[in-house]
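Next up, entry_15.txt (compact mmCIF, C-alpha atoms):
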# COMPACT_ATOMS: atom_id res chain seq x y z
CA MET L 574 0.00 0.00 0.00
CA THR L 575 1.32 3.38 -0.89
CA THR L 576 0.50 6.62 0.83
CA VAL L 577 0.41 9.86 -1.04
CA GLY L 578 1.52 12.79 1.08
CA ALA L 579 1.04 16.46 0.29
CA ALA L 580 3.94 18.03 -1.50
CA PRO L 581 6.14 20.00 0.92
CA LEU L 582 5.68 23.76 0.76
CA ASP L 583 8.63 25.88 -0.18
CA GLU L 584 9.51 28.81 2.08
CA LYS L 585 7.53 31.35 0.08
CA GLU L 586 4.39 29.19 -0.03
CA PHE L 587 4.72 28.46 3.67
CA GLU L 588 4.95 32.18 4.50
CA LYS L 589 1.90 32.84 2.34
CA ALA L 590 -0.10 30.07 4.03
CA LEU L 591 0.97 31.36 7.43
CA GLU L 592 -0.16 34.85 6.51
CA LEU L 593 -3.55 33.60 5.33
CA ASP L 594 -3.94 31.78 8.62
CA TRP L 595 -3.14 35.00 10.54
CA ILE L 596 -5.67 36.90 8.43
CA GLU L 597 -8.43 34.37 9.07
CA LYS L 598 -7.69 34.36 12.79
CA ALA L 599 -7.56 38.16 12.88
CA LYS L 600 -10.96 38.21 11.16
CA ARG L 601 -12.27 36.12 14.05
CA GLY L 602 -10.92 38.74 16.47
CA GLU L 603 -7.66 37.07 17.49
CA THR L 604 -5.36 39.96 18.29
CA GLY L 605 -2.31 37.70 18.52
CA ALA L 606 -2.66 36.84 14.84
CA PHE L 607 -3.03 40.48 13.89
CA GLU L 608 0.07 41.26 15.94
CA GLU L 609 2.04 38.93 13.68
CA LEU L 610 0.79 40.88 10.65
CA VAL L 611 1.81 44.17 12.29
CA ARG L 612 5.24 42.76 13.09
CA ARG L 613 5.69 41.49 9.53
CA TYR L 614 4.61 44.62 7.70
CA SER L 615 5.49 47.49 10.03
CA PRO L 616 8.98 48.07 8.51
CA ARG L 617 7.53 48.43 4.99
CA VAL L 618 4.59 50.50 6.13
CA LEU L 619 6.75 52.81 8.25
CA ASN L 620 9.18 53.40 5.38
CA LEU L 621 6.41 54.05 2.90
CA ALA L 622 4.73 56.42 5.36
CA TYR L 623 8.06 58.14 5.95
CA ARG L 624 8.51 58.80 2.24
CA LEU L 625 4.95 59.95 1.84
CA MET L 626 4.91 62.21 4.89
CA GLY L 627 8.52 63.40 4.86
CA ASN L 628 9.15 63.14 8.61
CA ARG L 629 9.43 60.38 11.21
CA GLU L 630 6.79 61.59 13.63
CA SER L 631 4.04 61.85 11.01
CA ALA L 632 5.14 58.54 9.50
CA TRP L 633 4.86 56.83 12.91
CA ASP L 634 1.39 58.28 13.52
CA LEU L 635 0.16 57.52 10.01
CA SER L 636 1.38 53.93 10.23
CA GLN L 637 -0.37 53.42 13.55
CA GLU L 638 -3.60 54.83 12.15
CA ALA L 639 -3.31 52.57 9.12
CA PHE L 640 -2.87 49.41 11.22
CA LEU L 641 -5.75 50.40 13.50
CA ALA L 642 -7.94 50.99 10.45
CA ALA L 643 -6.81 47.64 9.05
CA TRP L 644 -7.77 45.91 12.30
CA GLN L 645 -11.19 47.55 12.24
CA GLY L 646 -11.73 46.73 8.58
CA ILE L 647 -10.14 43.31 8.34
CA GLY L 648 -13.55 41.65 8.33
CA GLY L 649 -14.11 43.20 4.91
CA PHE L 650 -10.74 42.17 3.51
CA ARG L 651 -11.09 39.87 0.50
CA ARG L 652 -8.27 37.83 -0.93
CA GLU L 653 -8.46 39.61 -4.29
CA SER L 654 -5.23 41.38 -3.39
CA SER L 655 -2.47 40.61 -0.91
CA PHE L 656 -2.76 41.89 2.64
CA TYR L 657 0.13 44.27 2.08
CA HIS L 658 -1.47 45.72 -1.08
CA TRP L 659 -4.68 46.30 0.85
CA LEU L 660 -2.77 47.86 3.75
CA ARG L 661 -0.73 50.01 1.36
CA THR L 662 -3.92 51.44 -0.13
CA ILE L 663 -5.02 52.47 3.38
CA VAL L 664 -1.64 54.12 4.02
CA VAL L 665 -1.63 55.98 0.70
CA HIS L 666 -5.19 57.30 1.03
CA ARG L 667 -4.64 58.44 4.59
CA ALA L 668 -1.36 60.13 3.64
CA ILE L 669 -3.02 61.94 0.74
CA ASN L 670 -5.83 63.18 2.98
CA LEU L 671 -3.42 64.31 5.69
CA LYS L 672 -1.13 66.09 3.26
CA LYS L 673 -4.06 67.63 1.43
CA ARG L 674 -5.24 69.20 4.64
CA ALA L 675 -1.76 70.33 5.65
CA ASN L 676 -0.27 71.44 2.36
CA SER L 677 -3.14 72.46 0.12
CA HIS L 678 -1.72 75.96 -0.17
CA LEU L 679 1.56 74.65 -1.58
CA GLU L 680 -0.19 73.22 -4.61
CA MET L 681 -1.85 76.43 -5.62
CA GLY L 682 -0.69 77.63 -8.98
CA LEU L 683 0.71 74.26 -10.05
CA LEU L 684 -1.33 72.59 -12.72
CA GLU L 685 -1.25 68.95 -13.59
CA ILE L 686 -0.44 68.26 -17.18
CA ASP L 687 -3.08 65.98 -18.62
CA SER L 688 -2.19 63.21 -20.96
CA ASP L 689 -2.91 64.42 -24.47
CA GLY L 690 -1.21 61.65 -26.38
CA GLU L 691 1.07 64.05 -28.22
CA SER L 692 4.78 63.42 -28.29
CA ARG L 693 6.91 66.23 -27.03
CA GLU L 694 10.09 67.42 -28.63
CA LEU L 695 12.88 67.54 -26.12
CA GLU L 696 16.03 69.52 -25.88
CA ILE L 697 18.62 67.41 -24.18
CA PRO L 698 20.98 69.38 -21.98
CA ASP L 699 24.64 68.63 -22.22
CA PHE L 700 25.69 67.11 -18.91
CA THR L 701 29.24 67.74 -17.83
CA GLU L 702 29.53 64.76 -15.49
CA GLU L 703 27.98 61.33 -15.03
CA PRO L 704 24.76 61.44 -12.98
CA SER L 705 25.55 58.17 -11.18
CA ALA L 706 28.81 59.67 -10.01
CA LYS L 707 26.93 62.78 -8.97
CA LEU L 708 24.58 60.68 -6.87
CA GLU L 709 27.45 59.56 -4.69
CA ASN L 710 27.61 63.13 -3.60
CA LEU L 711 25.60 63.45 -0.39
CA GLU L 712 24.75 67.02 -1.21
CA LEU L 713 23.02 65.91 -4.40
CA LYS L 714 21.02 63.29 -2.51
CA LYS L 715 19.90 66.02 -0.16
CA GLN L 716 18.94 68.19 -3.11
CA ILE L 717 16.92 65.39 -4.69
CA LYS L 718 15.15 64.78 -1.39
CA GLU L 719 14.32 68.47 -1.09
CA ALA L 720 13.14 68.63 -4.69
CA LEU L 721 10.93 65.58 -4.08
CA ALA L 722 9.38 67.25 -1.07
CA LEU L 723 8.46 70.23 -3.21
CA LEU L 724 6.68 68.22 -5.90
CA PRO L 725 2.91 68.63 -6.06
CA GLU L 726 1.34 66.02 -3.83
CA HIS L 727 -0.28 63.89 -6.55
CA TYR L 728 2.99 63.76 -8.53
CA ARG L 729 5.03 62.85 -5.45
CA VAL L 730 2.69 60.08 -4.31
CA THR L 731 2.56 58.60 -7.81
CA PHE L 732 6.35 58.79 -8.09
CA ILE L 733 6.87 57.10 -4.71
CA LEU L 734 4.45 54.30 -5.57
CA ARG L 735 6.31 53.67 -8.80
CA GLU L 736 9.92 54.08 -7.66
CA VAL L 737 9.78 52.71 -4.13
CA GLU L 738 6.87 50.31 -4.18
CA GLY L 739 7.61 49.20 -7.74
CA MET L 740 3.93 49.34 -8.64
CA SER L 741 2.82 49.07 -12.26
CA TYR L 742 0.84 51.91 -13.89
CA GLU L 743 -2.27 49.76 -13.61
CA GLU L 744 -1.77 49.14 -9.89
CA ILE L 745 -1.14 52.83 -9.26
CA ALA L 746 -4.23 53.79 -11.25
CA GLU L 747 -6.30 51.35 -9.21
CA THR L 748 -4.89 52.54 -5.89
CA LEU L 749 -5.28 56.24 -6.65
CA LYS L 750 -8.53 55.77 -8.58
CA VAL L 751 -7.25 57.60 -11.68
CA ASN L 752 -6.82 56.46 -15.26
CA LEU L 753 -3.64 55.08 -16.80
CA GLY L 754 -2.99 58.23 -18.83
CA THR L 755 -2.99 60.29 -15.65
CA VAL L 756 -0.45 57.96 -14.02
CA ARG L 757 1.80 58.16 -17.09
CA SER L 758 1.48 61.93 -17.20
CA ARG L 759 2.14 62.38 -13.49
CA LEU L 760 5.30 60.29 -13.59
CA PHE L 761 6.65 62.11 -16.59
CA SER L 762 5.80 65.48 -15.02
CA ALA L 763 7.34 64.49 -11.69
CA ARG L 764 10.61 63.56 -13.39
CA ARG L 765 10.62 66.71 -15.50
CA LEU L 766 9.95 68.91 -12.47
CA LEU L 767 12.66 67.16 -10.47
CA ARG L 768 15.11 67.74 -13.25
CA GLU L 769 14.16 71.39 -13.58
CA SER L 770 14.36 71.86 -9.84
CA LEU L 771 17.86 70.36 -9.69
CA LYS L 772 19.00 72.35 -12.70
CA GLY L 773 17.79 75.48 -10.91
CA GLU L 774 19.78 74.59 -7.80
CA ASP L 775 22.90 73.94 -9.88
CA ALA L 776 22.50 77.33 -11.53
CA GLY L 777 21.99 79.01 -8.17
CA MET Q 833 19.11 64.54 -34.42
CA LYS Q 834 15.65 63.99 -33.00
CA HIS Q 835 15.78 62.82 -29.40
CA ILE Q 836 13.36 60.59 -27.53
CA ASP Q 837 10.62 62.61 -25.90
CA GLU Q 838 10.62 62.69 -22.10
CA GLU Q 839 7.30 60.94 -21.70
CA THR Q 840 8.45 57.98 -23.80
CA LEU Q 841 11.68 57.82 -21.81
CA SER Q 842 9.70 57.97 -18.57
CA MET Q 843 7.57 55.03 -19.71
CA TYR Q 844 10.68 53.17 -20.88
CA ILE Q 845 12.33 53.46 -17.47
CA ASP Q 846 9.12 52.22 -15.85
CA GLY Q 847 8.96 49.22 -18.18
CA GLU Q 848 5.56 50.34 -19.47
CA LEU Q 849 6.45 51.00 -23.09
CA PRO Q 850 4.98 48.64 -25.73
CA SER Q 851 7.51 46.21 -27.19
CA PRO Q 852 7.87 47.80 -30.68
CA GLN Q 853 8.72 51.14 -29.08
CA VAL Q 854 11.15 49.50 -26.63
CA LYS Q 855 13.18 48.23 -29.57
CA MET Q 856 13.18 51.68 -31.16
CA VAL Q 857 14.24 53.40 -27.90
CA LYS Q 858 17.03 50.89 -27.31
CA GLU Q 859 18.39 51.49 -30.79
CA HIS Q 860 18.28 55.22 -30.28
CA LEU Q 861 19.92 55.06 -26.84
CA ALA Q 862 22.79 53.01 -28.26
CA GLY Q 863 23.84 55.94 -30.41
CA CYS Q 864 22.71 58.96 -28.39
CA LEU Q 865 24.72 60.05 -25.35
CA PRO Q 866 22.40 62.93 -24.25
CA CYS Q 867 19.41 60.54 -24.13
CA ARG Q 868 21.44 57.96 -22.19
CA ARG Q 869 22.42 60.62 -19.70
CA LEU Q 870 18.85 61.79 -19.33
CA LEU Q 871 17.82 58.19 -18.70
CA GLU Q 872 20.51 57.85 -16.02
CA GLU Q 873 19.41 61.09 -14.43
CA TYR Q 874 15.82 59.84 -14.29
CA GLY Q 875 17.08 56.64 -12.74
CA SER Q 876 19.04 58.55 -10.11
CA PHE Q 877 15.87 60.18 -8.73
CA GLY Q 878 14.31 56.86 -7.88
CA GLU Q 879 17.63 55.57 -6.57
CA ALA Q 880 17.95 58.51 -4.18
CA LEU Q 881 14.42 57.93 -2.97
CA ARG Q 882 14.97 54.22 -2.40
CA GLN Q 883 18.12 54.91 -0.40
CA GLU Q 884 16.10 57.08 1.95
CA GLU Q 885 15.48 54.27 4.47
CA ALA Q 886 15.04 55.13 8.11
CA PHE Q 887 15.67 52.97 11.16
CA TRP Q 888 12.52 52.07 13.07
CA ASP Q 889 12.00 50.42 16.41
CA THR Q 890 9.38 48.08 14.99
CA GLU Q 891 8.99 46.14 18.25
CA THR Q 892 7.94 49.30 20.11
CA PHE Q 893 5.73 50.20 17.16
CA THR Q 894 4.03 46.78 17.22
CA ARG Q 895 3.52 47.00 20.99
CA THR Q 896 2.01 50.50 20.70
CA VAL Q 897 -0.41 49.43 17.96
CA MET Q 898 -1.46 46.31 19.89
CA ASP Q 899 -1.94 48.29 23.12
CA LYS Q 900 -4.29 50.60 21.25
CA ILE Q 901 -6.16 47.67 19.69
CA ASN Q 902 -6.49 45.92 23.06
CA ALA Q 903 -7.68 49.14 24.71
CA SER Q 904 -10.30 49.70 22.00
CA GLY Q 905 -11.35 46.05 22.42
CA ARG Q 906 -11.95 46.57 26.15
CA GLN Q 907 -14.06 49.65 25.39
CA ARG Q 908 -16.01 47.71 22.79
CA ARG Q 909 -16.68 44.86 25.24
CA LEU Q 910 -17.90 47.41 27.79
CA ARG Q 911 -20.18 48.95 25.19
CA SER Q 912 -21.51 45.55 24.15
CA PHE Q 913 -22.29 44.76 27.83
CA ILE Q 914 -24.66 47.75 27.94
CA PRO Q 915 -25.47 48.36 24.30
CA ALA Q 916 -26.60 51.79 23.20
CA HIS Q 917 -30.04 50.54 22.11
CA GLY Q 918 -30.39 48.84 25.55
CA LEU Q 919 -29.76 52.12 27.32
CA ARG Q 920 -32.35 53.80 25.14
CA SER Q 921 -34.88 51.09 25.98
CA TYR Q 922 -34.21 51.45 29.70
CA ALA Q 923 -34.60 55.22 29.42
CA ALA Q 924 -37.89 54.84 27.55
CA VAL Q 925 -39.29 52.43 30.14
CA ALA Q 926 -38.19 54.75 32.96
CA ALA Q 927 -39.85 57.71 31.24
CA VAL Q 928 -43.14 55.79 30.85
CA LEU Q 929 -43.03 54.70 34.49
CA LEU Q 930 -42.42 58.28 35.60
CA LEU Q 931 -45.33 59.47 33.49
CA VAL Q 932 -47.64 56.77 34.86
CA LEU Q 933 -46.62 57.36 38.48
CA GLY Q 934 -46.58 61.14 38.08
CA GLY Q 935 -49.95 61.09 36.31
CA GLY Q 936 -51.42 58.79 38.98
CA ALA Q 937 -50.23 61.06 41.76
CA PHE Q 938 -51.64 64.07 39.95
CA LEU Q 939 -55.02 62.40 39.47
CA GLU Q 940 -55.05 61.32 43.10
CA ARG Q 941 -54.31 64.89 44.11
CA VAL Q 942 -57.13 66.21 41.92
CA GLN Q 943 -59.55 63.70 43.36
CA PHE Q 944 -58.56 64.65 46.90
CA ARG Q 945 -59.00 68.32 46.04
CA GLN Q 946 -62.45 67.68 44.67
CA GLN Q 947 -63.32 65.63 47.72
CA ILE Q 948 -62.10 68.34 50.12
CA GLU Q 949 -63.70 71.16 48.15
CA SER Q 950 -67.00 69.40 48.26
CA GLN Q 951 -66.72 69.26 52.03
CA THR Q 952 -64.91 72.45 53.13
CA GLY Q 953 -64.93 75.05 50.35
CA SER Q 954 -62.20 75.90 47.85
CA LEU Q 955 -60.11 78.38 49.93
CA VAL Q 956 -59.33 75.99 52.72
CA ALA Q 957 -58.83 73.17 50.29
CA SER Q 958 -56.19 75.01 48.27
CA HIS Q 959 -54.26 75.76 51.43
CA TYR Q 960 -54.22 72.25 52.69
CA THR Q 961 -54.07 70.00 49.67
CA SER Q 962 -50.30 70.30 49.56
CA ARG Q 963 -50.01 68.91 53.03
CA MET Q 964 -50.95 65.40 52.06
CA GLY Q 965 -49.80 63.92 55.35
CA ASP Q 966 -52.30 65.98 57.31
CA LEU Q 967 -55.10 65.40 54.89
CA GLY Q 968 -56.90 62.65 56.76
CA ALA Q 969 -56.96 64.61 60.04
CA PHE Q 970 -57.99 67.81 58.26
CA VAL Q 971 -60.93 66.16 56.58
CA GLU Q 972 -62.01 64.68 59.86
CA ILE Q 973 -61.74 68.01 61.79
CA GLU Q 974 -63.42 70.14 59.14
CA GLY Q 975 -66.10 67.53 58.67
CA GLY Q 976 -66.75 67.57 62.42
CA LYS Q 977 -66.98 71.41 62.44
CA ASN Q 978 -69.49 71.39 59.63
CA GLN Q 979 -71.55 68.82 61.38
CA SER Q 980 -71.54 70.78 64.72
CA ALA Q 981 -72.33 74.05 62.86
CA ARG Q 982 -75.34 72.48 61.42
Starting from the file, lay out its structure as structure tokens.
Amino acid sequence: MTTVGAAPLDEKEFEKALELDWIEKAKRGETGAFEELVRRYSPRVLNLAYRLMGNRESAWDLSQEAFLAAWQGIGGFRRESSFYHWLRTIVVHRAINLKKRANSHLEMGLLEIDSDGESRELEIPDFTEEPSAKLENLELKKQIKEALALLPEHYRVTFILREVEGMSYEEIAETLKVNLGTVRSRLFSARRLLRESLKGEDAG
Amino acid sequence: MKHIDEETLSMYIDGELPSPQVKMVKEHLAGCLPCRRLLEEYGSFGEALRQEEAFWDTETFTRTVMDKINASGRQRRLRSFIPAHGLRSYAAVAAVLLLVLGGGAFLERVQFRQQIESQTGSLVASHYTSRMGDLGAFVEIEGGKNQSAR
């Protein structure tokens, strides 16, 4: 007689199964299971919140709020997306609302460029040194960080989701509830504004 | 020489450009230093952002979040012990009881007043009806007076 055992799970599958178990237990009100989810995702959430908010204190508060909201709403969580994707959407929306309230005046006068489908002719500046070498310069990193902080909120959030979270245009569009053309346009505009901002600092 | 437009380059760096255009961009980049440099510059923005990691005491963070969740759970259990709709029901029952008792007392008072007025006249009655404890004796005394006067 032969017995057929279940195929052993690899590490990734095991972690996924473990997470699903925590989610189901958390849905039943088991705080210990939710604690495991907080422990697993707090580094990513805190870093995302830090980039979105620009300072540690706000990032800490935003992350706490997001996990509390996740705990309250976990009963409604469906497995259509991963837990982290669901949590990330909470973080992003809360960050946008907080920043909107705090910084709405900063965005006045800056218009979003809508996607019009037209190709733009570009004048390429003649760089005198390699950008990657420039990046090693701490001062330049600081400048990029400052320039990022000055980007209009919707450009900055879109840029962070793309560059840090590695989200596709489709995922960003879904998270921010905008169309693909808007995502494409925001990313292009964010990069162009960053470049202009850094060029301005170099000139100054 | 016509360079790649910024939007196309932005999509290229994000890996969102359709395949035929990817081929075209790659061919152009191979022979165009300014476009390659622009591409590198675009790449450096994201790189700077990704390097911006902060150190977090995640254990303290987890404990703080769980303390808040546990505290809100205790409050919720307390609320479920005396639910809001339960409190409203108790308040409604108490209000009805008060109305019934208050109305009964009022009616009793009116009946006593009518009883006294019929026996002693309205002036005396209005003076004494508030003194419910003395009512029995009063009725007896005044009744006796009336009888002796007759």
- Task: Tell me, in Å to one decimal, how far CA of Arg601 in chain L is from CA of Val664 in chain L.
- Result: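 A separation of 23.2 Å between them.
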- Å distance separating CA of Leu881 in chain Q from CA of Leu721 in chain L, one decimal place: 8.5 Å
- Task: Quick one: pull the distance between CA of Thr894 in chain Q and CA of Glu609 in chain L, Å, one decimal.
- Result: 8.8 Å
- Which protein, DNA or RNA residues are at most 10 Å from (2.0, 57.5, -9.7) in the file's coordinates when you count all atoms listed in the file, listed as JSON, numbers by chain? {"L": [727, 728, 729, 730, 731, 732, 733, 734, 735, 736, 740, 741, 742, 743, 744, 745, 746, 748, 749, 751, 753, 755, 756, 757, 758, 759, 760, 761, 763]}
- Item | Within 10 Å of chain L: residues of chain Q, using all atoms listed in the file, as a VMD selection string | chain Q and resid 834 to 843 846 to 848 865 to 867 869 to 898 900 to 902 904 to 905
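Among the candidate residues L:Pro725, L:Thr662, L:Ala668, L:Ile647, the one lying nearest to Trp595 in chain L is L:Ile647, with distances computed using only C-alpha atoms.
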- Residue among Q:Tyr922, Q:Tyr844, Q:Phe944, Q:Phe938 lying closest to Val857 in chain Q, counting only C-alpha atoms: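 Using only C-alpha atoms, Val857 in chain Q sits closest to Q:Tyr844.
Neighbouring residues of Ser655 in chain L at 10 Å or closer, counting only C-alpha atoms and skipping chain neighbours under 4 positions away, are L:Lys589, L:Glu592, L:Leu593, L:Phe650, L:Arg651, L:Trp659, L:Leu660, L:Arg661.
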